[in-house]
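Here is my_file.cif, consisting of mmCIF, C-alpha atoms and all ligand atoms:
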```cif
data_my_file
#
loop_
_atom_site.label_atom_id
_atom_site.label_comp_id
_atom_site.auth_asym_id
_atom_site.auth_seq_id
_atom_site.Cartn_x
_atom_site.Cartn_y
_atom_site.Cartn_z
CA MET A 852 -14.35 -17.29 -34.05
CA VAL A 853 -17.34 -15.53 -35.70
CA THR A 854 -17.49 -12.22 -33.92
CA GLY A 855 -19.48 -10.10 -36.35
CA GLY A 856 -21.36 -7.31 -34.65
CA LYS A 857 -20.30 -8.12 -31.10
CA THR A 858 -19.17 -5.29 -28.83
CA THR A 859 -15.54 -5.46 -27.77
CA LEU A 860 -14.49 -4.92 -24.14
CA GLN A 861 -12.70 -1.74 -25.20
CA GLU A 862 -15.85 -0.36 -26.84
CA TYR A 863 -17.90 -1.33 -23.78
CA VAL A 864 -15.71 0.35 -21.16
CA GLU A 865 -15.24 3.51 -23.23
CA ALA A 866 -18.99 3.85 -23.74
CA GLU A 867 -19.74 2.91 -20.12
CA TRP A 868 -17.51 5.54 -18.56
CA GLN A 869 -17.35 8.18 -21.31
CA ASN A 870 -19.23 10.84 -19.34
CA LYS A 871 -18.48 9.73 -15.78
CA SER A 872 -15.75 12.11 -14.69
CA GLN A 873 -15.55 10.76 -11.15
CA ILE A 874 -14.19 7.48 -12.45
CA GLN A 875 -12.16 8.71 -15.41
CA GLY A 876 -9.37 6.27 -16.10
CA LEU A 877 -11.25 3.22 -14.86
CA ASN A 878 -11.45 2.03 -18.47
CA ALA A 879 -7.64 2.01 -18.61
CA VAL A 880 -7.51 -0.11 -15.44
CA ILE A 881 -9.97 -2.65 -16.89
CA LEU A 882 -8.02 -2.80 -20.17
CA ALA A 883 -4.81 -3.36 -18.18
CA ILE A 884 -6.50 -6.30 -16.45
CA ALA A 885 -7.65 -7.60 -19.85
CA GLU A 886 -4.16 -7.31 -21.33
CA GLY A 887 -2.64 -9.08 -18.34
CA SER A 888 -5.20 -11.87 -18.59
CA ARG A 889 -4.36 -12.37 -22.27
CA GLN A 890 -0.73 -12.93 -21.28
CA VAL A 891 -1.69 -15.19 -18.37
CA GLN A 892 -3.99 -17.23 -20.61
CA GLN A 893 -1.09 -17.86 -22.97
CA GLN A 894 1.15 -18.91 -20.07
CA VAL A 895 -1.54 -21.21 -18.66
CA GLN A 896 -2.06 -22.83 -22.06
CA GLN A 897 1.67 -23.35 -22.57
CA ALA A 898 2.54 -24.23 -18.95
CA ALA A 899 2.58 -28.01 -19.36
CA LEU A 900 4.77 -27.81 -22.45
CA ALA A 901 6.98 -25.07 -21.05
CA ASP A 902 7.57 -27.05 -17.87
CA ALA A 903 6.12 -24.12 -15.92
CA LEU A 904 4.08 -26.50 -13.83
CA GLY A 905 5.17 -27.60 -10.45
CA THR A 906 6.52 -25.34 -7.81
CA THR A 907 9.29 -22.82 -7.37
CA GLY A 908 9.96 -24.40 -4.03
CA GLU A 909 9.33 -20.98 -2.49
CA THR A 910 6.35 -20.28 -0.23
CA ASN A 911 4.14 -17.17 -0.52
CA VAL A 912 2.95 -14.90 2.28
CA GLN A 913 0.36 -17.52 3.10
CA GLY A 914 3.04 -20.13 3.64
CA GLU A 915 1.72 -22.03 0.63
CA ILE A 916 4.04 -23.60 -1.93
CA VAL A 917 4.11 -21.18 -4.87
CA GLN A 918 3.32 -22.56 -8.29
CA ARG A 919 5.50 -20.98 -11.00
CA LEU A 920 2.41 -19.66 -12.80
CA ASP A 921 1.36 -17.82 -9.63
CA GLU A 922 4.58 -15.84 -9.70
CA ALA A 923 4.40 -15.20 -13.44
CA SER A 924 0.76 -14.08 -13.23
CA SER A 925 1.49 -11.76 -10.32
CA SER A 926 4.35 -10.10 -12.23
CA ILE A 927 2.28 -9.75 -15.40
CA PHE A 928 -0.63 -7.97 -13.70
CA VAL A 929 1.64 -5.76 -11.58
CA GLU A 930 3.33 -4.66 -14.82
CA THR A 931 0.17 -3.95 -16.83
CA LEU A 932 -1.56 -2.21 -13.92
CA SER A 933 1.39 -0.12 -12.72
CA THR A 934 2.07 1.14 -16.27
CA SER A 935 -1.61 1.96 -16.97
CA GLY A 936 -1.16 5.48 -15.61
CA HIS A 937 -4.27 5.16 -13.44
CA VAL A 938 -3.27 2.87 -10.57
CA ALA A 939 -1.94 4.26 -7.28
CA ALA A 940 -1.40 0.97 -5.43
CA ILE A 941 -1.73 -2.77 -5.88
CA GLY A 942 -2.39 -5.43 -3.25
CA CYS A 943 -1.67 -9.00 -4.26
CA GLU A 944 -2.04 -12.41 -2.65
CA GLU A 945 1.47 -13.30 -3.78
CA ILE A 946 3.13 -10.17 -2.39
CA GLU A 947 3.41 -9.48 1.35
CA ASP A 948 3.28 -5.69 1.15
CA PRO A 949 1.34 -3.30 -1.08
CA VAL A 950 2.97 -2.15 -4.32
CA ILE A 951 2.78 1.67 -4.28
CA VAL A 952 2.99 3.13 -7.79
CA ASP A 953 5.10 6.26 -7.34
CA GLY A 954 5.42 9.39 -9.38
CA GLU A 955 3.33 10.67 -12.22
CA THR A 956 2.46 7.16 -13.40
CA GLY A 957 0.46 6.79 -10.23
CA GLY A 958 -3.27 7.25 -10.70
CA GLY A 959 -6.53 7.30 -8.88
CA PHE A 960 -7.35 3.62 -8.42
CA ILE A 961 -6.34 0.94 -5.95
CA VAL A 962 -6.45 -2.64 -7.21
CA LEU A 963 -6.43 -5.70 -4.96
CA MET A 964 -5.98 -9.01 -6.71
CA ASP A 965 -5.55 -12.74 -6.55
CA PRO A 966 -3.58 -13.09 -9.79
CA LEU A 967 -4.07 -16.83 -10.15
CA ASP A 968 -6.61 -18.44 -7.88
CA GLY A 969 -6.94 -22.19 -7.71
CA SER A 970 -3.31 -22.83 -8.58
CA SER A 971 -3.45 -26.26 -6.95
CA ASN A 972 -5.57 -27.24 -9.98
CA ILE A 973 -2.95 -26.18 -12.55
CA ASP A 974 -1.20 -29.55 -12.62
CA VAL A 975 -4.45 -31.37 -13.37
CA ALA A 976 -5.66 -28.99 -16.09
CA VAL A 977 -8.71 -27.80 -14.14
CA SER A 978 -10.10 -24.26 -14.60
CA ILE A 979 -8.40 -21.49 -12.62
CA GLY A 980 -8.95 -17.76 -12.38
CA SER A 981 -7.83 -14.21 -11.58
CA ILE A 982 -9.83 -11.92 -9.25
CA PHE A 983 -9.73 -8.10 -8.95
CA GLY A 984 -11.34 -5.56 -6.64
CA ILE A 985 -11.07 -1.90 -7.67
CA TRP A 986 -11.37 1.05 -5.29
CA LYS A 987 -10.84 4.76 -5.90
CA LYS A 988 -8.43 6.64 -3.66
CA ALA A 989 -9.83 9.71 -1.91
CA PRO A 990 -9.08 13.06 -3.62
CA GLY A 991 -5.65 14.28 -2.47
CA GLU A 992 -5.05 11.02 -0.56
CA THR A 993 -1.37 10.11 -0.19
CA VAL A 994 -1.58 6.38 -0.66
CA ASN A 995 -0.01 4.19 2.03
CA ASP A 996 -0.57 0.63 3.23
CA ASP A 997 -3.73 1.59 5.11
CA SER A 998 -5.24 3.01 1.89
CA LEU A 999 -5.77 -0.56 0.75
CA LEU A 1000 -7.97 -1.42 3.75
CA LYS A 1001 -11.22 -0.01 2.43
CA LYS A 1002 -14.56 -1.79 2.93
CA GLY A 1003 -15.87 -3.86 0.03
CA ASN A 1004 -18.89 -1.54 -0.23
CA GLU A 1005 -16.51 1.22 -1.41
CA GLN A 1006 -15.48 -0.70 -4.56
CA VAL A 1007 -16.20 1.13 -7.84
CA ALA A 1008 -15.85 -2.06 -9.91
CA ALA A 1009 -14.75 -5.69 -9.71
CA ALA A 1010 -13.71 -8.30 -12.23
CA TYR A 1011 -12.63 -11.89 -12.53
CA VAL A 1012 -11.25 -14.01 -15.35
CA VAL A 1013 -11.92 -17.74 -15.62
CA TYR A 1014 -9.36 -19.71 -17.67
CA GLY A 1015 -11.40 -22.77 -18.63
CA SER A 1016 -12.79 -24.32 -21.79
CA SER A 1017 -12.97 -20.66 -22.79
CA THR A 1018 -11.43 -17.57 -21.22
CA VAL A 1019 -14.15 -15.29 -19.87
CA LEU A 1020 -13.68 -11.90 -18.20
CA VAL A 1021 -16.65 -10.87 -16.05
CA LEU A 1022 -16.84 -7.16 -15.20
CA ALA A 1023 -19.16 -5.69 -12.56
CA THR A 1024 -19.72 -1.94 -12.38
CA GLN A 1025 -22.24 0.11 -10.44
CA ASP A 1026 -24.64 -0.40 -13.36
CA ALA A 1027 -24.33 -3.96 -14.60
CA VAL A 1028 -22.44 -7.26 -14.74
CA CYS A 1029 -21.24 -8.30 -18.20
CA GLY A 1030 -19.14 -11.20 -19.52
CA PHE A 1031 -16.58 -11.01 -22.32
CA THR A 1032 -15.04 -14.02 -24.06
CA LEU A 1033 -11.48 -13.94 -25.37
CA ASP A 1034 -10.81 -14.66 -29.02
CA ALA A 1035 -7.34 -16.05 -28.38
CA GLN A 1036 -6.26 -15.62 -32.00
CA SER A 1037 -6.93 -11.87 -32.14
CA GLY A 1038 -6.48 -11.24 -28.40
CA ILE A 1039 -9.80 -9.35 -28.36
CA TYR A 1040 -12.48 -9.82 -25.72
CA TYR A 1041 -16.03 -9.77 -27.16
CA GLU A 1042 -19.19 -9.24 -25.11
CA THR A 1043 -20.91 -12.61 -24.84
CA HIS A 1044 -22.88 -12.31 -21.56
CA PRO A 1045 -24.70 -8.93 -21.42
CA ASN A 1046 -26.39 -7.91 -18.16
CA ILE A 1047 -25.79 -11.06 -16.10
CA LEU A 1048 -28.31 -11.72 -13.32
CA ILE A 1049 -28.12 -14.73 -11.03
CA PRO A 1050 -31.14 -16.95 -11.89
CA ASP A 1051 -33.87 -17.25 -9.25
CA ALA A 1052 -33.61 -21.04 -9.51
CA CYS A 1053 -30.83 -22.59 -7.44
CA PRO A 1054 -29.88 -26.06 -8.72
CA TYR A 1055 -26.41 -26.29 -7.18
CA TYR A 1056 -24.52 -25.96 -3.91
CA SER A 1057 -20.72 -25.80 -3.79
CA THR A 1058 -18.90 -26.69 -0.59
CA ASN A 1059 -16.05 -28.95 0.50
CA GLU A 1060 -17.99 -31.74 2.20
CA GLY A 1061 -14.71 -33.04 3.58
CA ASN A 1062 -14.79 -30.15 6.07
CA SER A 1063 -18.22 -31.08 7.45
CA LYS A 1064 -16.93 -32.83 10.57
CA GLY A 1065 -15.22 -29.61 11.67
CA LEU A 1066 -18.31 -27.41 11.44
CA ASP A 1067 -20.22 -26.11 14.46
CA GLU A 1068 -23.76 -27.45 14.86
CA PRO A 1069 -25.69 -24.54 13.24
CA THR A 1070 -23.37 -24.62 10.21
CA LYS A 1071 -23.66 -28.41 9.96
CA LYS A 1072 -27.44 -27.98 9.87
CA ALA A 1073 -27.20 -25.25 7.19
CA ILE A 1074 -25.02 -27.42 4.95
CA ALA A 1075 -27.30 -30.44 5.51
CA LEU A 1076 -30.27 -28.34 4.29
CA LEU A 1077 -28.33 -27.47 1.13
CA ARG A 1078 -27.36 -31.12 0.64
CA ASP A 1079 -31.02 -32.16 0.91
CA LYS A 1080 -32.26 -29.62 -1.63
CA TYR A 1081 -29.55 -29.11 -4.27
CA SER A 1082 -27.01 -31.00 -6.42
CA GLN A 1083 -23.41 -30.68 -5.36
CA ARG A 1084 -20.94 -29.14 -7.79
CA TYR A 1085 -17.48 -28.44 -6.36
CA VAL A 1086 -14.42 -27.83 -8.54
CA GLY A 1087 -12.20 -26.63 -5.72
CA SER A 1088 -11.40 -23.53 -7.76
CA LEU A 1089 -13.31 -20.53 -6.40
CA VAL A 1090 -13.64 -18.66 -9.69
CA ALA A 1091 -14.84 -21.77 -11.56
CA ASP A 1092 -17.39 -22.62 -8.86
CA PHE A 1093 -18.61 -19.05 -8.62
CA HIS A 1094 -18.83 -18.52 -12.39
CA ARG A 1095 -21.06 -21.58 -12.81
CA ASN A 1096 -23.32 -20.49 -9.95
CA LEU A 1097 -23.48 -16.92 -11.32
CA LEU A 1098 -24.69 -18.10 -14.73
CA LYS A 1099 -26.81 -21.13 -13.77
CA GLY A 1100 -27.81 -20.31 -10.20
CA GLY A 1101 -26.31 -21.75 -7.04
CA ILE A 1102 -24.67 -21.09 -3.72
CA PHE A 1103 -20.99 -21.38 -2.74
CA ALA A 1104 -20.18 -21.94 0.92
CA TYR A 1105 -16.77 -22.00 2.56
CA PRO A 1106 -17.78 -21.42 6.20
CA ALA A 1107 -15.52 -21.24 9.22
CA ASP A 1108 -14.63 -24.62 10.77
CA LEU A 1109 -12.63 -25.86 13.76
CA ASN A 1110 -9.43 -25.84 11.70
CA ARG A 1111 -10.12 -22.50 10.03
CA ARG A 1112 -11.91 -20.31 12.55
CA ASP A 1113 -11.53 -17.25 10.26
CA GLY A 1114 -12.39 -19.21 7.14
CA ARG A 1115 -10.01 -20.07 4.31
CA LEU A 1116 -10.66 -17.49 1.60
CA ARG A 1117 -9.25 -13.96 1.47
CA LEU A 1118 -11.51 -11.00 2.28
CA MET A 1119 -9.83 -8.22 0.30
CA TYR A 1120 -9.09 -9.86 -3.05
CA GLU A 1121 -11.45 -12.84 -3.19
CA ALA A 1122 -14.59 -12.30 -1.10
CA ASN A 1123 -14.95 -8.55 -1.64
CA PRO A 1124 -14.63 -8.58 -5.45
CA LEU A 1125 -16.83 -11.66 -5.91
CA GLY A 1126 -19.26 -10.30 -3.35
CA PHE A 1127 -19.50 -7.09 -5.39
CA VAL A 1128 -20.12 -9.09 -8.58
CA ALA A 1129 -22.74 -11.24 -6.84
CA GLU A 1130 -24.65 -8.26 -5.42
CA GLN A 1131 -24.57 -6.37 -8.71
CA ALA A 1132 -26.03 -9.51 -10.33
CA GLY A 1133 -28.87 -9.65 -7.76
CA GLY A 1134 -27.16 -12.10 -5.42
CA ALA A 1135 -25.64 -11.87 -1.94
CA ALA A 1136 -22.38 -12.47 -0.09
CA SER A 1137 -22.03 -13.05 3.65
CA THR A 1138 -19.51 -14.24 6.23
CA GLY A 1139 -22.39 -16.23 7.70
CA TYR A 1140 -22.90 -13.43 10.23
CA GLU A 1141 -22.32 -10.18 8.30
CA ARG A 1142 -22.58 -8.83 4.74
CA ILE A 1143 -19.12 -9.32 3.20
CA LEU A 1144 -19.00 -5.81 1.75
CA ASP A 1145 -19.60 -4.27 5.21
CA VAL A 1146 -16.67 -6.04 6.91
CA LEU A 1147 -14.14 -3.54 8.26
CA PRO A 1148 -10.75 -4.85 7.08
CA LYS A 1149 -7.85 -5.11 9.55
CA GLU A 1150 -5.08 -6.41 7.29
CA LEU A 1151 -4.49 -7.04 3.60
CA HIS A 1152 -4.32 -10.85 3.70
CA GLN A 1153 -7.01 -11.54 6.27
CA ARG A 1154 -9.26 -14.54 5.75
CA THR A 1155 -13.03 -14.75 5.93
CA PRO A 1156 -15.79 -17.33 5.80
CA LEU A 1157 -17.77 -16.93 2.56
CA ILE A 1158 -21.39 -17.74 1.68
CA LEU A 1159 -21.97 -16.46 -1.86
CA GLY A 1160 -24.54 -16.68 -4.66
CA ASN A 1161 -28.32 -16.79 -5.04
CA LYS A 1162 -29.73 -14.13 -2.67
CA ASP A 1163 -32.66 -16.08 -1.19
CA VAL A 1164 -30.56 -19.19 -0.56
CA VAL A 1165 -27.65 -17.20 0.92
CA GLU A 1166 -30.06 -15.41 3.26
CA SER A 1167 -31.76 -18.62 4.40
CA THR A 1168 -28.40 -20.35 4.88
CA VAL A 1169 -27.05 -17.40 6.88
CA SER A 1170 -30.13 -17.36 9.09
CA VAL A 1171 -29.43 -20.98 10.06
CA ILE A 1172 -25.68 -20.44 10.57
CA SER A 1173 -26.13 -17.29 12.67
CA GLY A 1174 -29.28 -18.49 14.40
CA ASP A 1175 -31.13 -15.28 13.46
P1 LIG B 1201 -10.30 -26.63 -0.41
C1 LIG B 1201 -7.92 -22.77 -4.25
O1 LIG B 1201 -6.71 -23.13 -3.62
C2 LIG B 1201 -8.76 -22.01 -3.26
O2 LIG B 1201 -8.09 -20.92 -2.74
C3 LIG B 1201 -10.07 -21.57 -3.92
O3 LIG B 1201 -9.92 -21.33 -5.27
C4 LIG B 1201 -10.99 -22.74 -3.65
O4 LIG B 1201 -12.35 -22.36 -3.58
C5 LIG B 1201 -10.50 -23.24 -2.29
O5 LIG B 1201 -9.12 -22.88 -2.18
C6 LIG B 1201 -10.60 -24.75 -2.19
O6 LIG B 1201 -10.24 -25.08 -0.88
O7 LIG B 1201 -10.01 -26.57 1.09
O8 LIG B 1201 -11.72 -27.10 -0.70
O9 LIG B 1201 -9.27 -27.37 -1.22
#
```
Could you render the structure as structure tokens?
Amino acid sequence: MVTGGKTTLQEYVEAEWQNKSQIQGLNAVILAIAEGSRQVQQQVQQAALADALGTTGETNVQGEIVQRLDEASSSIFVETLSTSGHVAAIGCEEIEDPVIVDGETGGGFIVLMDPLDGSSNIDVAVSIGSIFGIWKKAPGETVNDDSLLKKGNEQVAAAYVVYGSSTVLVLATQDAVCGFTLDAQSGIYYETHPNILIPDACPYYSTNEGNSKGLDEPTKKAIALLRDKYSQRYVGSLVADFHRNLLKGGIFAYPADLNRRDGRLRLMYEANPLGFVAEQAGGAASTGYERILDVLPKELHQRTPLILGNKDVVESTVSVISGD
């Protein structure tokens, strides 16, 4: 890969946070995520050959059959984050209870993650991803389970990794959203998408049309308006669908339905991080009734409806769903 002159992720985070004392150490957290994603990318690439596909036969806290890669990815990120020296606690879709990082290795950040989202696509070689929300613990706070239940608007950064035709890490800070592409040979992430902003144009809508019969009437009308105006693109892998909409414009909608009155996706480690990325890129994220980042969390694995992407289209869709 010709990488002459491109900024590396390490150079970016060190320059970005060099003089920001209130978030010292955040660069180490991002680099721990990057290192973990390098290892996950290798596992994903080798899974079919290494017979790591298929299931462990176990079920996770969601009662879903656990794919072997889910477990491996969870362990990899817990290891890189908990040894970074700057993480106080980790919440993870695959782990019922928070992982509290004790002793002096504990640090100032709380990371909530979906270590491998879209795992039902692994067996058919479709893009999957990892999602991370990053909060800072309060000064002097003794971290406990409740410490992880902070609103999305308190995040200091968020990131996701899409393992697709290329492996791209997208990092959102208070200042910008940037994308970094992995050179798998060297293991170095290079900046390839500086200052990402969701395009004003909205060519695509992403929703599972198979759920339409279970929608309430206002939501049915909102989805019908999207169907009339935009082309449908739906991978069934949240990170892949969101990444395309972030770069090319679009809206993702997984609203509540009769079978999923609280929605399907997870507030703390899917909707909050991607909502942070979307807003920092000029977009929006809503439950259909409330800004995602304002939702007061009640428990780590709670679900939420999610309308996410191009700001104008999210707002018009929400106005139809909520009847405002
Ligand atoms: P459905 C994958 O399992 C996932 O959690 C998200 O990545 C994706 O957006 C959603 O579920 C797909 O759900 O009901 O359309 O299969």
Residues within 7 Å of ligand LIG 1201 (chain B) (all atoms listed in the file), as an mmCIF file with C-alpha atoms, in the coordinates of the input?
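result_4.cif written:
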```cif
data_model
loop_
_atom_site.group_PDB
_atom_site.id
_atom_site.type_symbol
_atom_site.label_atom_id
_atom_site.label_comp_id
_atom_site.auth_asym_id
_atom_site.auth_seq_id
_atom_site.Cartn_x
_atom_site.Cartn_y
_atom_site.Cartn_z
ATOM 1 C CA ASP A 968 -6.610 -18.440 -7.880
ATOM 2 C CA GLY A 969 -6.940 -22.190 -7.710
ATOM 3 C CA SER A 970 -3.310 -22.830 -8.580
ATOM 4 C CA SER A 971 -3.450 -26.260 -6.950
ATOM 5 C CA ASN A 1059 -16.050 -28.950 0.500
ATOM 6 C CA GLY A 1087 -12.200 -26.630 -5.720
ATOM 7 C CA SER A 1088 -11.400 -23.530 -7.760
ATOM 8 C CA LEU A 1089 -13.310 -20.530 -6.400
ATOM 9 C CA VAL A 1090 -13.640 -18.660 -9.690
ATOM 10 C CA LEU A 1116 -10.660 -17.490 1.600
#
```
Tell me, as a ChimeraX atom specification, which residues lie within 9 Å of Ser998 (chain A), counting all atoms listed in the file; anything in the same chain fewer than 3 positions away does not count. /A:940,961,988-989,992-995,1001
From A:Pro966, A:Tyr863, A:Gly914, A:Glu886, residue lying nearest Ile1039 (chain A) [only C-alpha atoms]: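 Closest residue, counting only C-alpha atoms: A:Glu886.
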Interatomic distance between CA of Gly1101 (chain A) and CA of Ala976 (chain A)?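 Those two atoms sit 23.7 Å apart.
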What does the distance between CA of Thr931 (chain A) and CA of Ala883 (chain A) come to in Å, to one decimal place?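 Separation of CA of Thr931 (chain A) and CA of Ala883 (chain A): 5.2 Å.
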Shortest interatomic distance to Arg919 (chain A) - which of A:Val895, A:Glu1150, A:Ile979, A:Asp1108, counting all atoms listed in the file: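 Of A:Val895, A:Glu1150, A:Ile979, A:Asp1108, the one nearest Arg919 (chain A), counting all atoms listed in the file, is A:Val895.
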Distance criterion (only C-alpha atoms): nearest to Ile1102 (chain A) out of A:Asp1067, A:Glu947, A:Asp1163, A:Asp965: A:Asp1163
Counting only C-alpha atoms, the option among A:Asn1110, A:Ser978, A:Thr859, A:Asn1096 closest to Lys1162 (chain A):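 Looking at the shortest contact to Lys1162 (chain A), the residue is A:Asn1096.
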Counting all atoms listed in the file, which residue out of A:Gly1139, A:Pro949, A:Gly958, A:Gly876 sits closest to Ser1173 (chain A)?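 Among the listed residues, A:Gly1139 lies closest to Ser1173 (chain A).
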Which residues of region 881-1000 of chain A have any atom within 9 Å of an atom in region 1013-1022 of chain A when counting only C-alpha atoms, and what is the closest pair of atoms for each, with the distance in Å to one decimal? Order the rows by chain and rising number and write it as a tab-separated table.
```
residue	atom	partner	partner_atom	distance
A:Ile881	CA	A:Leu1022	CA	8.4
A:Ala885	CA	A:Leu1020	CA	7.6
A:Ser888	CA	A:Leu1020	CA	8.5
A:Arg889	CA	A:Thr1018	CA	8.8
A:Val891	CA	A:Tyr1014	CA	8.9
A:Gln892	CA	A:Tyr1014	CA	6.6
A:Val895	CA	A:Tyr1014	CA	8.0
A:Ala976	CA	A:Gly1015	CA	8.8
A:Val977	CA	A:Gly1015	CA	7.3
A:Ser978	CA	A:Gly1015	CA	4.5
A:Ile979	CA	A:Tyr1014	CA	5.4
A:Gly980	CA	A:Val1013	CA	4.4
A:Ser981	CA	A:Val1013	CA	6.7
A:Ile982	CA	A:Val1013	CA	8.9
```
Of A:Val1028, A:Gln896, A:Lys1099, A:Val1128, the one sitting nearest Asp974 (chain A) when using all atoms listed in the file is A:Gln896
Please, what distance in Å, to one decimal, runs between CA of Cys943 (chain A) and CA of Pro1156 (chain A)?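 The value is 19.2 Å.
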Need to verify the contact set: Ser1167 (chain A), 12 Å, only C-alpha atoms, exclusion of same-chain residues closer than 4 positions in sequence. Can you return it as a PyMOL selection string? chain A and resi 1070+1072-1074+1076-1077+1102+1135+1137+1139-1140+1158-1163+1171-1175
Test item: residues at most 10 Å from Asn1004 (chain A), all atoms listed in the file, excluding those fewer than 5 positions along its chain, as an NGL selection string: :A and (986 or 1123-1124 or 1126-1127 or 1142-1147)
Determine, counting only C-alpha atoms, which protein, DNA and RNA residues have an atom within 9 Å of an atom of Val952 (chain A); residues of the same chain fewer than 6 positions away are not included. Present the result as a PyMOL selection string. chain A and resi 933-934+938-941+958
Could you write out that same residue set with C-alpha atoms as a PDB file, in the frame of the given file?
```pdb
ATOM      1  CA  SER A 933       1.390  -0.120 -12.720  1.00  0.00           C
ATOM      2  CA  THR A 934       2.070   1.140 -16.270  1.00  0.00           C
ATOM      3  CA  VAL A 938      -3.270   2.870 -10.570  1.00  0.00           C
ATOM      4  CA  ALA A 939      -1.940   4.260  -7.280  1.00  0.00           C
ATOM      5  CA  ALA A 940      -1.400   0.970  -5.430  1.00  0.00           C
ATOM      6  CA  ILE A 941      -1.730  -2.770  -5.880  1.00  0.00           C
ATOM      7  CA  GLY A 958      -3.270   7.250 -10.700  1.00  0.00           C
TER       8      GLY A 958
END
```
